[in-house]
Amino acid sequence: MYKISRIANKVFYYILGISLLLGIAVFGFGIFKNLYLLVGYSFVYLIIPLFTLSLLTLLISNFKKFGFLSGIKESSVNIFALMLCSALIYFLQSFAFEKSNRINVKVINKTELGISNITLIGRNAMTKIDTLAPDENETKIFKGKRINYKTENDYENEIRLLYYFDNKWRENKILSGFSRWRVIDKDWEIKIHSADSIELKQK
């Protein structure tokens, strides 16, 4: 039983190290970013089962050797290491998603009047510019790059530009209809020419 426990402990820390390296490589540095699906499958069908098996083997071995409470205490280092590694990978994954789900949007006022309350909204994101004088421009980050395929209302993937111009509220749809499913892979430049005319360019 001691030999099995040692093997399980080695497997546990080997898998922990591999998981951590994969998490840092994929989510921290963007290495293998085109292999997200393959990495995800490897976690689900290989790494997590090996983690579970090795940890269960360690727990059972320690329970038999030390009893329940002492066995938990003996395995506490492994449990803490697993929790710490999981938290770090989750943080890296959240950071990678946040970083990849943004574009720079440059809004240019090409009219002869000031524009206020300029709001780009859609895909669960909103970016706002307070005012733009004539021929003035400002660049903001828009965190609505990714398409939400899981939504029950796919029109939530539309992106609209709202602004107050010439004493009226205006609305122009940037991505609507079938184009709401368009993948955004470049930064945007939006020129407001008049109340009903805007021009969108991808940089």
# chains A, B, ... in the order shown; residues from 1 in each chain; ligands from 1
call {"tool": "closest_atom_pairs", "arguments": {"of": "region 40-119 of chain A", "to": "region 171-186 of chain A", "cutoff": "12 Å", "atoms": "only C-alpha atoms", "output": "tab-separated table"}}
result
residue	atom	partner	partner_atom	distance
A:Ser100	CA	A:Asp185	CA	9.8
A:Asn101	CA	A:Ile184	CA	9.5
A:Arg102	CA	A:Ile184	CA	9.5
A:Ile103	CA	A:Lys186	CA	6.9
A:Asn104	CA	A:Lys186	CA	8.4
A:Val105	CA	A:Lys186	CA	9.6
A:Lys106	CA	A:Lys186	CA	11.9
A:Asn117	CA	A:Glu171	CA	11.5
A:Ile118	CA	A:Glu171	CA	9.8
A:Thr119	CA	A:Glu171	CA	9.5
call {"tool": "write_last_selection", "arguments": {"atoms": "N, CA, C and O atoms", "output": "mmCIF file, in the first residue's frame"}}
result
data_model
loop_
_atom_site.group_PDB
_atom_site.id
_atom_site.type_symbol
_atom_site.label_atom_id
_atom_site.label_comp_id
_atom_site.auth_asym_id
_atom_site.auth_seq_id
_atom_site.Cartn_x
_atom_site.Cartn_y
_atom_site.Cartn_z
ATOM 1 N N SER A 100 -8.486 38.658 -24.776
ATOM 2 C CA SER A 100 -8.820 38.339 -26.161
ATOM 3 C C SER A 100 -10.174 38.877 -26.581
ATOM 4 O O SER A 100 -10.488 38.919 -27.774
ATOM 5 N N ASN A 101 -10.994 39.293 -25.618
ATOM 6 C CA ASN A 101 -12.346 39.748 -25.917
ATOM 7 C C ASN A 101 -12.428 41.268 -25.984
ATOM 8 O O ASN A 101 -13.398 41.872 -25.515
ATOM 9 N N ARG A 102 -11.417 41.897 -26.546
ATOM 10 C CA ARG A 102 -11.428 43.357 -26.620
ATOM 11 C C ARG A 102 -10.814 43.839 -27.927
ATOM 12 O O ARG A 102 -9.924 43.211 -28.484
ATOM 13 N N ILE A 103 -11.324 44.955 -28.407
ATOM 14 C CA ILE A 103 -10.743 45.632 -29.570
ATOM 15 C C ILE A 103 -10.654 47.124 -29.254
ATOM 16 O O ILE A 103 -11.377 47.634 -28.394
ATOM 17 N N ASN A 104 -9.773 47.806 -29.960
ATOM 18 C CA ASN A 104 -9.704 49.266 -29.866
ATOM 19 C C ASN A 104 -10.663 49.860 -30.891
ATOM 20 O O ASN A 104 -10.660 49.464 -32.065
ATOM 21 N N VAL A 105 -11.489 50.786 -30.442
ATOM 22 C CA VAL A 105 -12.438 51.452 -31.332
ATOM 23 C C VAL A 105 -12.133 52.946 -31.348
ATOM 24 O O VAL A 105 -12.185 53.614 -30.310
ATOM 25 N N LYS A 106 -11.829 53.445 -32.534
ATOM 26 C CA LYS A 106 -11.561 54.871 -32.707
ATOM 27 C C LYS A 106 -12.801 55.521 -33.317
ATOM 28 O O LYS A 106 -13.239 55.138 -34.401
ATOM 29 N N ASN A 117 -22.600 61.736 -25.496
ATOM 30 C CA ASN A 117 -23.145 60.439 -25.063
ATOM 31 C C ASN A 117 -23.011 59.366 -26.148
ATOM 32 O O ASN A 117 -23.960 58.647 -26.444
ATOM 33 N N ILE A 118 -21.823 59.269 -26.711
ATOM 34 C CA ILE A 118 -21.576 58.266 -27.758
ATOM 35 C C ILE A 118 -21.366 56.918 -27.066
ATOM 36 O O ILE A 118 -20.443 56.749 -26.272
ATOM 37 N N THR A 119 -22.237 55.967 -27.382
ATOM 38 C CA THR A 119 -22.217 54.676 -26.698
ATOM 39 C C THR A 119 -22.229 53.549 -27.706
ATOM 40 O O THR A 119 -23.141 53.452 -28.539
#
call {"tool": "select_by_dssp", "arguments": {"residues": "region 27-122 of chain A", "states": "strand (DSSP E or B)", "output": "ChimeraX atom specification"}}
result
/A:103-109,115-122
call {"tool": "closest_residue", "arguments": {"among": "A:Lys10, A:Lys65, A:Lys201, A:Lys110", "to": "Leu132 (chain A)", "atoms": "only C-alpha atoms"}}
result
A:Lys110
call {"tool": "select_by_dssp", "arguments": {"residues": "region 158-188 of chain A", "states": "helix (DSSP H, G or I)", "output": "MDAnalysis selection string"}}
result
chainID A and resid 177:181
call {"tool": "residues_around", "arguments": {"residues": "Leu16 (chain A)", "least_positions_apart": "3", "cutoff": "12 Å", "atoms": "only C-alpha atoms", "output": "ChimeraX atom specification"}}
result
/A:9-13,19-23,43,47-48,50-52,54-55,78-86,88-89
call {"tool": "residues_around", "arguments": {"residues": "Lys143 (chain A)", "least_positions_apart": "3", "cutoff": "12 Å", "atoms": "only C-alpha atoms", "output": "list in words"}}
result
Phe97, Glu98, Lys99, Ser100, Asn101, Arg102, Ile103, Asn104, Val105, Leu120, Ile121, Gly122, Arg123, Asn124, Ala125, Met126, Thr127, Lys128, Lys140, Arg146, Ile147, Ile159, Ile184 and Asp187 of chain A
call {"tool": "write_last_selection", "arguments": {"atoms": "N, CA, C and O atoms", "output": "compact mmCIF listing (two decimals), in the first residue's frame"}}
result
# COMPACT_ATOMS: atom_id res chain seq x y z
N PHE A 97 -9.29 35.29 -21.46
CA PHE A 97 -10.57 35.61 -22.09
C PHE A 97 -10.79 37.12 -22.13
O PHE A 97 -11.20 37.67 -23.15
N GLU A 98 -10.50 37.78 -21.02
CA GLU A 98 -10.68 39.23 -20.95
C GLU A 98 -9.78 39.94 -21.95
O GLU A 98 -10.21 40.89 -22.62
N LYS A 99 -8.57 39.46 -22.09
CA LYS A 99 -7.61 40.08 -23.00
C LYS A 99 -7.99 39.86 -24.46
O LYS A 99 -7.83 40.75 -25.30
N SER A 100 -8.49 38.66 -24.78
CA SER A 100 -8.82 38.34 -26.16
C SER A 100 -10.17 38.88 -26.58
O SER A 100 -10.49 38.92 -27.77
N ASN A 101 -10.99 39.29 -25.62
CA ASN A 101 -12.35 39.75 -25.92
C ASN A 101 -12.43 41.27 -25.98
O ASN A 101 -13.40 41.87 -25.52
N ARG A 102 -11.42 41.90 -26.55
CA ARG A 102 -11.43 43.36 -26.62
C ARG A 102 -10.81 43.84 -27.93
O ARG A 102 -9.92 43.21 -28.48
N ILE A 103 -11.32 44.95 -28.41
CA ILE A 103 -10.74 45.63 -29.57
C ILE A 103 -10.65 47.12 -29.25
O ILE A 103 -11.38 47.63 -28.39
N ASN A 104 -9.77 47.81 -29.96
CA ASN A 104 -9.70 49.27 -29.87
C ASN A 104 -10.66 49.86 -30.89
O ASN A 104 -10.66 49.46 -32.06
N VAL A 105 -11.49 50.79 -30.44
CA VAL A 105 -12.44 51.45 -31.33
C VAL A 105 -12.13 52.95 -31.35
O VAL A 105 -12.18 53.61 -30.31
N LEU A 120 -21.22 52.70 -27.64
CA LEU A 120 -21.17 51.48 -28.44
C LEU A 120 -21.62 50.34 -27.55
O LEU A 120 -21.01 50.09 -26.50
N ILE A 121 -22.68 49.65 -27.94
CA ILE A 121 -23.29 48.67 -27.05
C ILE A 121 -23.65 47.39 -27.82
O ILE A 121 -24.08 47.45 -28.97
N GLY A 122 -23.45 46.26 -27.16
CA GLY A 122 -23.80 44.97 -27.76
C GLY A 122 -22.87 43.88 -27.28
O GLY A 122 -21.79 44.16 -26.74
N ARG A 123 -23.30 42.61 -27.46
CA ARG A 123 -22.50 41.46 -27.05
C ARG A 123 -22.07 41.55 -25.58
O ARG A 123 -20.92 41.31 -25.22
N ASN A 124 -23.02 41.98 -24.75
CA ASN A 124 -22.79 42.09 -23.29
C ASN A 124 -21.68 43.06 -22.94
O ASN A 124 -20.97 42.88 -21.95
N ALA A 125 -21.51 44.09 -23.76
CA ALA A 125 -20.45 45.09 -23.49
C ALA A 125 -20.97 46.48 -23.82
O ALA A 125 -21.91 46.65 -24.60
N MET A 126 -20.36 47.48 -23.19
CA MET A 126 -20.72 48.86 -23.46
C MET A 126 -19.51 49.76 -23.28
O MET A 126 -18.79 49.64 -22.29
N THR A 127 -19.28 50.62 -24.26
CA THR A 127 -18.19 51.59 -24.20
C THR A 127 -18.77 52.97 -24.47
O THR A 127 -19.57 53.13 -25.39
N LYS A 128 -18.35 53.94 -23.69
CA LYS A 128 -18.96 55.27 -23.80
C LYS A 128 -17.90 56.37 -23.93
O LYS A 128 -16.87 56.33 -23.28
N LYS A 140 -11.25 54.09 -27.66
CA LYS A 140 -11.66 53.38 -26.45
C LYS A 140 -11.57 51.87 -26.67
O LYS A 140 -11.57 51.40 -27.81
N ARG A 146 -16.25 38.88 -28.74
CA ARG A 146 -16.68 37.49 -28.92
C ARG A 146 -18.18 37.37 -29.16
O ARG A 146 -18.98 38.07 -28.57
N ILE A 147 -18.54 36.44 -30.03
CA ILE A 147 -19.94 36.11 -30.28
C ILE A 147 -20.44 35.22 -29.15
O ILE A 147 -19.75 34.28 -28.73
N ILE A 159 -24.54 44.86 -32.54
CA ILE A 159 -23.78 45.97 -31.95
C ILE A 159 -24.33 47.26 -32.52
O ILE A 159 -24.47 47.42 -33.74
N ILE A 184 -15.25 39.41 -35.19
CA ILE A 184 -14.44 40.63 -35.16
C ILE A 184 -13.00 40.23 -34.89
O ILE A 184 -12.70 39.68 -33.84
N ASP A 187 -9.20 45.84 -35.07
CA ASP A 187 -9.70 47.06 -34.42
C ASP A 187 -10.62 47.81 -35.38
O ASP A 187 -10.56 47.63 -36.61
call {"tool": "residues_around", "arguments": {"residues": "Leu46 (chain A)", "least_positions_apart": "6", "cutoff": "12 Å", "atoms": "only C-alpha atoms", "output": "ChimeraX atom specification"}}
result
/A:15,18-19,38-40,52-53
